$ cat query_2.txt   # compact mmCIF, C-alpha atoms
# COMPACT_ATOMS: atom_id res chain seq x y z
CA MET Q 1 -48.94 94.85 111.40
CA ALA Q 2 -50.48 91.52 110.45
CA ILE Q 3 -52.95 89.68 112.62
CA GLY Q 4 -53.36 85.94 113.02
CA VAL Q 5 -56.34 84.26 111.40
CA PRO Q 6 -59.27 84.21 113.87
CA SER Q 7 -60.29 80.62 114.49
CA MET Q 8 -63.96 81.32 113.72
CA GLU Q 9 -62.98 82.52 110.24
CA LEU Q 10 -60.95 79.49 109.16
CA HIS Q 11 -62.21 77.47 106.23
CA ARG Q 12 -63.03 73.80 106.75
CA SER Q 13 -60.83 72.95 103.79
CA SER Q 14 -57.91 75.00 105.10
CA PRO Q 15 -54.68 73.21 106.13
CA LEU Q 16 -54.79 75.45 109.21
CA LEU Q 17 -57.45 73.14 110.64
CA SER Q 18 -55.77 69.88 109.73
CA GLY Q 19 -52.54 70.84 111.45
CA GLY Q 20 -50.18 70.40 108.53
CA ARG Q 21 -46.68 69.03 108.94
CA GLY Q 22 -45.87 67.49 112.29
CA GLY Q 23 -49.23 68.48 113.80
CA ASN Q 24 -48.25 72.13 113.63
CA THR Q 25 -51.19 74.55 113.61
CA CYS Q 26 -51.71 78.22 113.10
CA LEU Q 27 -54.82 78.66 115.19
CA GLN Q 28 -55.11 81.43 117.74
CA LYS Q 29 -54.65 81.53 121.46
CA LYS Q 30 -55.87 85.15 121.65
CA PRO Q 31 -58.24 87.17 119.47
CA PHE Q 32 -55.64 87.72 116.80
CA PHE Q 33 -52.45 86.07 117.77
CA VAL Q 34 -51.34 83.08 115.83
CA GLN Q 35 -50.78 79.96 117.90
CA ALA Q 36 -48.16 77.61 116.63
CA LYS Q 37 -45.74 75.01 117.91
CA ARG Q 38 -43.58 77.00 120.29
CA LEU Q 39 -39.80 76.79 120.29
CA VAL Q 40 -38.73 76.73 123.91
CA GLY Q 41 -35.21 78.13 124.02
CA MET Q 42 -32.87 78.27 121.07
CA GLU Q 43 -31.80 74.62 121.13
CA LYS Q 44 -34.53 73.72 118.63
CA ALA Q 45 -33.96 76.83 116.60
CA SER Q 46 -30.29 75.99 116.26
CA THR Q 47 -31.17 72.64 114.64
CA ARG Q 48 -33.24 74.28 111.89
CA PRO Q 49 -31.43 73.96 108.55
CA GLY Q 50 -30.04 76.96 106.73
CA THR Q 51 -32.25 78.33 104.01
CA GLN Q 52 -31.65 76.73 100.62
CA GLU Q 53 -33.65 76.32 97.44
CA SER Q 54 -32.16 73.83 95.00
CA GLY Q 55 -28.72 75.18 95.94
CA GLN Q 56 -29.63 78.63 94.67
CA THR Q 57 -29.81 80.56 97.92
CA LYS Q 58 -26.99 81.43 100.24
CA LYS Q 59 -26.63 79.01 103.13
CA ARG Q 60 -27.21 81.01 106.31
CA ALA Q 61 -27.27 80.24 109.99
CA PRO Q 62 -30.71 79.95 111.63
CA LEU Q 63 -32.08 83.12 113.15
CA VAL Q 64 -31.40 83.41 116.88
CA ARG Q 65 -32.59 86.04 119.26
CA GLY Q 66 -30.41 88.71 120.77
CA THR Q 67 -30.90 90.79 123.89
CA VAL Q 68 -34.06 92.89 123.97
CA SER Q 69 -33.54 96.31 125.55
CA PRO Q 70 -36.24 98.06 127.63
CA PRO Q 71 -39.13 99.85 125.87
CA LEU Q 72 -38.36 103.43 124.90
CA PRO Q 73 -40.22 106.32 126.57
CA VAL Q 74 -42.85 108.44 124.83
CA PRO Q 75 -43.41 112.08 125.92
CA GLY Q 76 -46.50 112.52 128.02
CA ASN Q 77 -48.05 115.09 125.68
CA ILE Q 78 -48.34 112.58 122.81
CA PRO Q 79 -51.80 110.92 122.70
CA ARG Q 80 -51.81 107.15 123.21
CA PRO Q 81 -54.08 104.53 121.63
CA PRO Q 82 -56.60 103.10 124.15
CA TYR Q 83 -54.75 99.78 124.54
CA VAL Q 84 -51.54 101.36 125.86
CA GLY Q 85 -50.97 100.65 129.54
CA THR Q 86 -52.80 97.34 129.45
CA GLU Q 87 -51.49 93.87 128.72
CA TYR Q 88 -54.68 92.62 127.09
CA VAL Q 89 -55.06 92.15 123.37
CA PRO Q 90 -58.05 94.10 122.05
CA GLU Q 91 -60.73 92.17 120.18
CA ILE Q 92 -60.87 92.68 116.42
CA ALA Q 93 -63.34 95.54 116.11
CA LYS Q 94 -66.46 94.71 114.15
CA GLU Q 95 -66.87 98.27 112.90
CA ILE Q 96 -65.73 98.91 109.34
CA GLN Q 97 -63.25 101.79 109.17
CA MET Q 98 -65.27 104.27 107.11
CA HIS Q 99 -64.16 107.89 106.68
CA ASP Q 100 -65.71 111.21 105.78
CA LYS Q 101 -63.62 113.96 104.14
CA GLU Q 102 -62.06 114.99 107.46
CA GLY Q 103 -61.27 111.40 108.36
CA ILE Q 104 -59.59 110.83 105.03
CA VAL Q 105 -57.38 113.88 105.62
CA HIS Q 106 -56.28 112.40 108.96
CA MET Q 107 -55.72 108.96 107.44
CA ARG Q 108 -53.57 110.43 104.69
CA ALA Q 109 -51.46 112.28 107.25
CA ALA Q 110 -50.91 109.19 109.44
CA CYS Q 111 -50.15 106.97 106.46
CA GLU Q 112 -47.80 109.49 104.85
CA LEU Q 113 -45.84 109.71 108.10
CA ALA Q 114 -45.66 105.92 108.35
CA ALA Q 115 -44.35 105.78 104.77
CA ARG Q 116 -41.66 108.40 105.46
CA VAL Q 117 -40.56 106.58 108.61
CA LEU Q 118 -40.37 103.28 106.71
CA ASP Q 119 -38.29 104.83 103.94
CA TYR Q 120 -35.91 106.23 106.54
CA ALA Q 121 -35.69 102.90 108.34
CA GLY Q 122 -34.73 101.26 105.09
CA THR Q 123 -31.68 103.52 104.74
CA LEU Q 124 -30.37 102.06 108.00
CA VAL Q 125 -30.34 98.46 106.73
CA LYS Q 126 -26.66 97.57 106.47
CA PRO Q 127 -24.45 94.72 107.69
CA SER Q 128 -23.50 95.09 111.40
CA VAL Q 129 -26.46 97.37 112.20
CA THR Q 130 -28.70 95.90 114.92
CA THR Q 131 -32.46 95.80 114.71
CA ASP Q 132 -32.48 97.56 118.10
CA GLU Q 133 -30.69 100.51 116.48
CA ILE Q 134 -33.38 100.59 113.79
CA ASP Q 135 -36.07 100.56 116.48
CA LYS Q 136 -34.47 103.50 118.29
CA ALA Q 137 -34.24 105.55 115.08
CA VAL Q 138 -37.84 104.76 114.11
CA HIS Q 139 -39.06 105.58 117.62
CA LYS Q 140 -37.35 108.96 117.61
CA MET Q 141 -38.66 109.94 114.18
CA ILE Q 142 -42.23 109.01 115.14
CA ILE Q 143 -42.31 110.87 118.46
CA ASP Q 144 -40.51 113.88 116.93
CA ALA Q 145 -43.51 114.09 114.56
CA GLY Q 146 -45.88 114.14 117.53
CA ALA Q 147 -47.14 110.60 116.85
CA TYR Q 148 -47.16 107.37 118.86
CA PRO Q 149 -45.54 104.12 117.58
CA SER Q 150 -48.61 101.87 117.48
CA PRO Q 151 -46.88 98.51 118.19
CA LEU Q 152 -45.39 99.78 121.49
CA GLY Q 153 -47.41 98.29 124.32
CA TYR Q 154 -49.86 96.55 122.01
CA GLY Q 155 -50.69 93.34 123.88
CA GLY Q 156 -47.37 93.77 125.68
CA PHE Q 157 -45.24 94.14 122.53
CA PRO Q 158 -42.03 95.73 123.86
CA LYS Q 159 -40.81 97.72 120.87
CA SER Q 160 -41.86 100.50 118.50
CA VAL Q 161 -41.46 98.59 115.22
CA CYS Q 162 -41.43 94.98 114.02
CA THR Q 163 -38.22 93.74 112.38
CA SER Q 164 -38.51 90.30 110.76
CA VAL Q 165 -35.28 88.82 109.39
CA ASN Q 166 -34.89 85.94 106.90
CA GLU Q 167 -37.17 83.06 108.00
CA CYS Q 168 -39.16 85.28 110.36
CA MET Q 169 -42.61 85.70 108.78
CA CYS Q 170 -43.62 88.68 110.90
CA HIS Q 171 -43.68 90.31 114.36
CA GLY Q 172 -39.94 90.02 114.96
CA ILE Q 173 -38.87 91.91 118.09
CA PRO Q 174 -35.91 94.29 117.59
CA ASP Q 175 -32.87 93.18 119.59
CA SER Q 176 -29.08 93.18 119.69
CA ARG Q 177 -28.59 90.83 116.73
CA GLU Q 178 -26.51 92.45 113.99
CA LEU Q 179 -27.76 92.26 110.43
CA GLN Q 180 -25.57 90.06 108.24
CA ASP Q 181 -24.51 90.50 104.63
CA GLY Q 182 -27.13 88.69 102.54
CA ASP Q 183 -30.01 89.01 105.01
CA ILE Q 184 -33.46 90.17 104.06
CA ILE Q 185 -35.48 92.11 106.63
CA ASN Q 186 -39.09 93.23 106.77
CA ILE Q 187 -39.66 96.44 108.70
CA ASP Q 188 -43.27 97.01 109.76
CA VAL Q 189 -44.14 100.57 110.82
CA THR Q 190 -47.45 101.76 112.26
CA VAL Q 191 -47.98 105.25 113.65
CA TYR Q 192 -50.88 106.73 115.62
CA LEU Q 193 -51.35 110.38 114.65
CA ASN Q 194 -54.31 112.57 115.57
CA GLY Q 195 -56.35 109.51 116.51
CA TYR Q 196 -55.66 107.50 113.33
CA HIS Q 197 -53.31 104.60 112.57
CA GLY Q 198 -51.22 104.37 109.38
CA ASP Q 199 -49.73 100.90 108.75
CA THR Q 200 -47.11 99.82 106.20
CA SER Q 201 -44.17 97.45 105.74
CA LYS Q 202 -41.49 96.55 103.24
CA THR Q 203 -38.78 93.90 102.90
CA PHE Q 204 -35.28 95.33 102.42
CA LEU Q 205 -32.07 93.73 101.17
CA CYS Q 206 -28.99 93.85 103.40
CA GLY Q 207 -25.68 94.03 101.58
CA GLU Q 208 -25.04 91.51 98.80
CA VAL Q 209 -28.15 89.33 98.53
CA ASP Q 210 -28.33 86.23 96.30
CA GLU Q 211 -30.54 86.25 93.22
CA ALA Q 212 -33.08 83.75 94.57
CA SER Q 213 -33.72 85.91 97.63
CA LYS Q 214 -33.98 89.03 95.47
CA ARG Q 215 -36.55 87.24 93.34
CA LEU Q 216 -38.63 86.30 96.40
CA VAL Q 217 -38.67 89.94 97.52
CA LYS Q 218 -39.55 91.19 94.03
CA VAL Q 219 -42.40 88.71 93.59
CA THR Q 220 -43.78 89.50 97.04
CA GLU Q 221 -44.03 93.20 96.23
CA GLU Q 222 -45.67 92.31 92.92
CA CYS Q 223 -48.20 90.16 94.80
CA LEU Q 224 -49.15 93.15 96.96
CA LEU Q 225 -49.57 95.45 93.97
CA ARG Q 226 -51.61 92.87 92.07
CA GLY Q 227 -53.89 92.46 95.07
CA ILE Q 228 -54.37 96.23 95.31
CA SER Q 229 -55.11 96.44 91.57
CA THR Q 230 -58.30 94.39 92.05
CA CYS Q 231 -59.76 96.80 94.61
CA LYS Q 232 -62.62 99.25 94.08
CA HIS Q 233 -66.12 99.89 95.37
CA GLY Q 234 -68.30 96.79 95.03
CA THR Q 235 -65.48 94.30 94.43
CA SER Q 236 -65.45 91.05 96.42
CA PHE Q 237 -62.66 90.78 98.98
CA LYS Q 238 -61.92 87.22 97.83
CA LYS Q 239 -60.49 88.57 94.56
CA ILE Q 240 -57.47 89.87 96.49
CA GLY Q 241 -56.45 86.39 97.61
CA ARG Q 242 -57.02 84.88 94.20
CA ARG Q 243 -54.84 87.45 92.44
CA ILE Q 244 -52.03 87.13 95.03
CA SER Q 245 -52.11 83.32 94.97
CA GLU Q 246 -51.99 83.14 91.19
CA HIS Q 247 -48.87 85.28 90.99
CA ALA Q 248 -47.06 83.61 93.91
CA GLU Q 249 -47.75 80.09 92.65
CA ARG Q 250 -46.80 80.98 89.09
CA ASN Q 251 -43.37 81.90 90.45
CA GLY Q 252 -42.99 78.79 92.61
CA PHE Q 253 -43.72 80.38 95.99
CA GLY Q 254 -46.35 79.81 98.68
CA VAL Q 255 -48.76 82.24 100.34
CA VAL Q 256 -48.69 82.16 104.15
CA GLU Q 257 -52.23 81.66 105.46
CA CYS Q 258 -51.61 82.22 109.17
CA PHE Q 259 -51.63 86.01 108.96
CA VAL Q 260 -54.09 88.39 107.34
CA GLY Q 261 -54.69 92.03 106.52
CA HIS Q 262 -57.28 94.06 108.40
CA GLY Q 263 -59.32 97.21 108.61
CA VAL Q 264 -57.35 100.13 110.02
CA GLY Q 265 -58.17 103.72 110.95
CA ARG Q 266 -59.27 104.97 114.35
CA VAL Q 267 -58.86 101.34 115.40
CA PHE Q 268 -55.59 99.47 114.85
CA HIS Q 269 -57.20 96.15 113.84
CA SER Q 270 -60.79 95.76 112.70
CA GLU Q 271 -63.01 94.05 110.17
CA PRO Q 272 -62.74 93.30 107.30
CA ILE Q 273 -60.25 90.46 107.53
CA ILE Q 274 -58.20 90.33 104.32
CA TYR Q 275 -57.16 86.83 103.27
CA HIS Q 276 -54.17 86.64 100.95
CA GLN Q 277 -54.78 83.07 99.76
CA ARG Q 278 -57.66 81.71 97.68
CA ASN Q 279 -60.87 81.79 99.70
CA ASN Q 280 -64.63 82.00 99.40
CA ARG Q 281 -65.33 84.48 102.14
CA PRO Q 282 -68.25 86.84 101.57
CA GLY Q 283 -68.10 90.63 101.56
CA GLN Q 284 -67.57 93.53 99.21
CA MET Q 285 -65.49 96.69 99.37
CA ILE Q 286 -67.20 100.00 100.13
CA GLU Q 287 -66.13 103.44 98.99
CA GLY Q 288 -64.52 105.34 101.88
CA GLN Q 289 -63.23 102.35 103.84
CA THR Q 290 -59.58 101.69 104.67
CA PHE Q 291 -57.75 98.41 105.23
CA THR Q 292 -54.35 96.81 104.80
CA ILE Q 293 -53.18 94.23 102.31
CA GLU Q 294 -49.98 92.56 103.52
CA PRO Q 295 -49.11 89.21 101.94
CA ILE Q 296 -46.32 87.06 103.34
CA ILE Q 297 -44.75 84.88 100.65
CA SER Q 298 -42.46 81.92 101.43
CA MET Q 299 -39.83 80.04 99.47
CA GLY Q 300 -40.79 76.85 101.27
CA SER Q 301 -43.18 76.00 104.07
CA ILE Q 302 -46.20 78.26 104.63
CA GLU Q 303 -46.59 76.90 108.16
CA CYS Q 304 -45.12 78.66 111.19
CA ASP Q 305 -43.44 77.98 114.49
CA MET Q 306 -43.84 80.53 117.27
CA TRP Q 307 -40.92 81.42 119.52
CA ASP Q 308 -41.62 81.46 123.22
CA ASP Q 309 -41.63 85.27 123.24
CA GLY Q 310 -45.21 84.93 121.96
CA TRP Q 311 -44.56 87.10 118.90
CA THR Q 312 -41.81 85.88 116.59
CA ALA Q 313 -43.30 83.62 113.90
CA VAL Q 314 -40.82 81.70 111.73
CA THR Q 315 -41.21 79.25 108.85
CA THR Q 316 -41.19 75.63 110.04
CA ASP Q 317 -38.44 74.63 107.61
CA GLY Q 318 -36.23 77.72 107.95
CA SER Q 319 -37.02 78.93 104.43
CA LEU Q 320 -37.03 82.64 103.68
CA ALA Q 321 -40.23 84.67 103.83
CA ALA Q 322 -40.89 88.21 102.63
CA GLN Q 323 -43.74 90.66 103.21
CA PHE Q 324 -44.98 93.99 101.85
CA GLU Q 325 -47.90 96.04 103.15
CA HIS Q 326 -49.91 99.12 102.27
CA THR Q 327 -52.92 100.82 103.80
CA ILE Q 328 -55.42 101.58 101.04
CA LEU Q 329 -58.56 103.71 100.69
CA ILE Q 330 -61.38 102.30 98.55
CA THR Q 331 -62.75 104.71 95.97
CA ARG Q 332 -65.56 104.46 93.42
CA THR Q 333 -63.15 103.54 90.62
CA GLY Q 334 -60.20 101.92 92.40
CA ALA Q 335 -57.99 102.12 95.45
CA GLU Q 336 -55.71 104.90 96.69
CA ILE Q 337 -52.49 103.74 98.31
CA LEU Q 338 -52.26 105.95 101.40
CA THR Q 339 -48.87 104.74 102.65
CA LYS Q 340 -46.82 106.60 100.06
CA CYS Q 341 -44.67 109.69 100.43
$ encode --input "query_2.txt" --output "structure tokens"
Amino acid sequence: MAIGVPSMELHRSSPLLSGGRGGNTCLQKKPFFVQAKRLVGMEKASTRPGTQESGQTKKRAPLVRGTVSPPLPVPGNIPRPPYVGTEYVPEIAKEIQMHDKEGIVHMRAACELAARVLDYAGTLVKPSVTTDEIDKAVHKMIIDAGAYPSPLGYGGFPKSVCTSVNECMCHGIPDSRELQDGDIINIDVTVYLNGYHGDTSKTFLCGEVDEASKRLVKVTEECLLRGISTCKHGTSFKKIGRRISEHAERNGFGVVECFVGHGVGRVFHSEPIIYHQRNNRPGQMIEGQTFTIEPIISMGSIECDMWDDGWTAVTTDGSLAAQFEHTILITRTGAEILTKC
């Protein structure tokens, strides 16, 4: 689950500070929520153009929200993360998520469960299926495994998974909207198992998807894997953003700067902050630490509008965006992808 760029970490040269198109900004209103030009009601959303790229992509109606059902219950015997039951958004923890042998065992278990849940969720992606139905299936699989769905109750988030369709960059709230033939959808799963969070996401194709959209999804996954390939003990974090940016730009796409990866483990979101664009931030990877890499790649604008639900972030021009995410463990010679099954 991506976090918004903390304002104290923004670069002076970054377009995030200058406001970009139409004065739109991606600064925060809370410790790690992105703040953007809000769309009050769906009147503005309905005027956003359908996604097109030189006539190559399928013209589609703008994304509109459906009805959000009540949060699903979690059995009382399942341990909750500390933030559950509060409406506040926890600060980004300063502590690096370092693990001994026992901690790594727990991280592998949480991440493996998250990966299995995500794979299952992907099998449900079909035209006419609602994102609320996906949320219910994900919720059941997580609690049946004795785990807690980490997004549920996080800063008031009302659902157990994030479902981000078409121009939604991230943090889409599952609702009654039916998936349409030709949609793309990112499903972001995080589970809390035995005191550890495992975090992963993937963009799936719904039905018959046009070639341009397929290419966006393919390149986005390649960006993630190229970022991971740079990682090992002693490597500078900034190499991740450079490798991702090079591949995205080579293919004619943009890297969204508003959202970043993060440390994950006993804490849902912690240092280090992982930038996916070119940057000069200091810091090096340490053997035994875990964090996410989760680039969001756009066909068009890399700036975002925020719906008035406080969560749903969409591209300003209605262009498609895709995202992939893994939790990784830094080793002496490389990085182990934990969110695999």
$ atom_distance --input "query_2.txt" --atom1 "atom CA of Q:Arg177" --atom2 "atom CA of Q:Val129"
8.2 Å
$ residues_around --input "query_2.txt" --residues "Q:Val125" --least-positions-apart "5" --cutoff "8 Å" --atoms "only C-alpha atoms" --output "list in words"
Ile134, Leu179, Phe204, Leu205 and Cys206 of chain Q
$ closest_residue --input "query_2.txt" --among "Q:Ala335, Q:Ile184, Q:Ile142, Q:Ile92" --to "Q:Pro73" --atoms "all atoms listed in the file"
Q:Ile142
$ atom_distance --input "query_2.txt" --atom1 "atom CA of Q:Gly182" --atom2 "atom CA of Q:Glu257"
26.2 Å
$ closest_residue --input "query_2.txt" --among "Q:Gly66, Q:Pro81, Q:Gly198, Q:Gly122" --to "Q:Thr339" --atoms "all atoms listed in the file"
Q:Gly198
$ atom_distance --input "query_2.txt" --atom1 "atom CA of Q:Thr203" --atom2 "atom CA of Q:Asp188"
8.8 Å
$ closest_residue --input "query_2.txt" --among "Q:Glu178, Q:Leu113, Q:Phe237, Q:Glu249" --to "Q:Asn194" --atoms "all atoms listed in the file"
Q:Leu113
$ closest_residue --input "query_2.txt" --among "Q:Thr130, Q:Thr327, Q:Thr333, Q:Asn280" --to "Q:His233" --atoms "all atoms listed in the file"
Q:Thr333
$ residues_around --input "query_2.txt" --residues "Q:Trp311" --least-positions-apart "6" --cutoff "8 Å" --atoms "all atoms listed in the file" --output "count of residues only"
4
$ closest_residue --input "query_2.txt" --among "Q:Val267, Q:Ile286, Q:Cys168, Q:Leu329" --to "Q:Ile302" --atoms "all atoms listed in the file"
Q:Cys168
$ closest_residue --input "query_2.txt" --among "Q:Leu63, Q:Met141, Q:Ile273, Q:Met1" --to "Q:Tyr154" --atoms "only C-alpha atoms"
Q:Met1
$ residues_around --input "query_2.txt" --residues "Q:Pro282" --least-positions-apart "6" --cutoff "12 Å" --atoms "all atoms listed in the file" --output "list of chain:residue names"
Q:Glu9, Q:Gly234, Q:Thr235, Q:Ser236, Q:Phe237, Q:Lys238, Q:Lys239, Q:Pro272, Q:Ile273, Q:Ile274, Q:Tyr275
$ residues_around --input "query_2.txt" --residues "stretch 97-111 of chain Q" --least-positions-apart "4" --cutoff "7 Å" --atoms "only C-alpha atoms" --output "mmCIF file with C-alpha atoms, keeping the file's coordinate frame"
data_model
loop_
_atom_site.group_PDB
_atom_site.id
_atom_site.type_symbol
_atom_site.label_atom_id
_atom_site.label_comp_id
_atom_site.auth_asym_id
_atom_site.auth_seq_id
_atom_site.Cartn_x
_atom_site.Cartn_y
_atom_site.Cartn_z
ATOM 1 C CA ALA Q 115 -44.350 105.780 104.770
ATOM 2 C CA VAL Q 191 -47.980 105.250 113.650
ATOM 3 C CA TYR Q 192 -50.880 106.730 115.620
ATOM 4 C CA LEU Q 193 -51.350 110.380 114.650
ATOM 5 C CA ASN Q 194 -54.310 112.570 115.570
ATOM 6 C CA TYR Q 196 -55.660 107.500 113.330
ATOM 7 C CA HIS Q 197 -53.310 104.600 112.570
ATOM 8 C CA GLY Q 198 -51.220 104.370 109.380
ATOM 9 C CA ASP Q 199 -49.730 100.900 108.750
ATOM 10 C CA GLY Q 263 -59.320 97.210 108.610
ATOM 11 C CA VAL Q 264 -57.350 100.130 110.020
ATOM 12 C CA GLY Q 265 -58.170 103.720 110.950
ATOM 13 C CA GLY Q 288 -64.520 105.340 101.880
ATOM 14 C CA GLN Q 289 -63.230 102.350 103.840
ATOM 15 C CA THR Q 290 -59.580 101.690 104.670
ATOM 16 C CA LEU Q 338 -52.260 105.950 101.400
ATOM 17 C CA THR Q 339 -48.870 104.740 102.650
#
$ residues_around --input "query_2.txt" --residues "Q:Ser201" --least-positions-apart "3" --cutoff "12 Å" --atoms "only C-alpha atoms" --output "MDAnalysis selection string"
chainID Q and resid 1:2 111 114:119 121:122 161:164 170:171 185:191 198 204 220:221 224 261 292:296 322:327 339:340
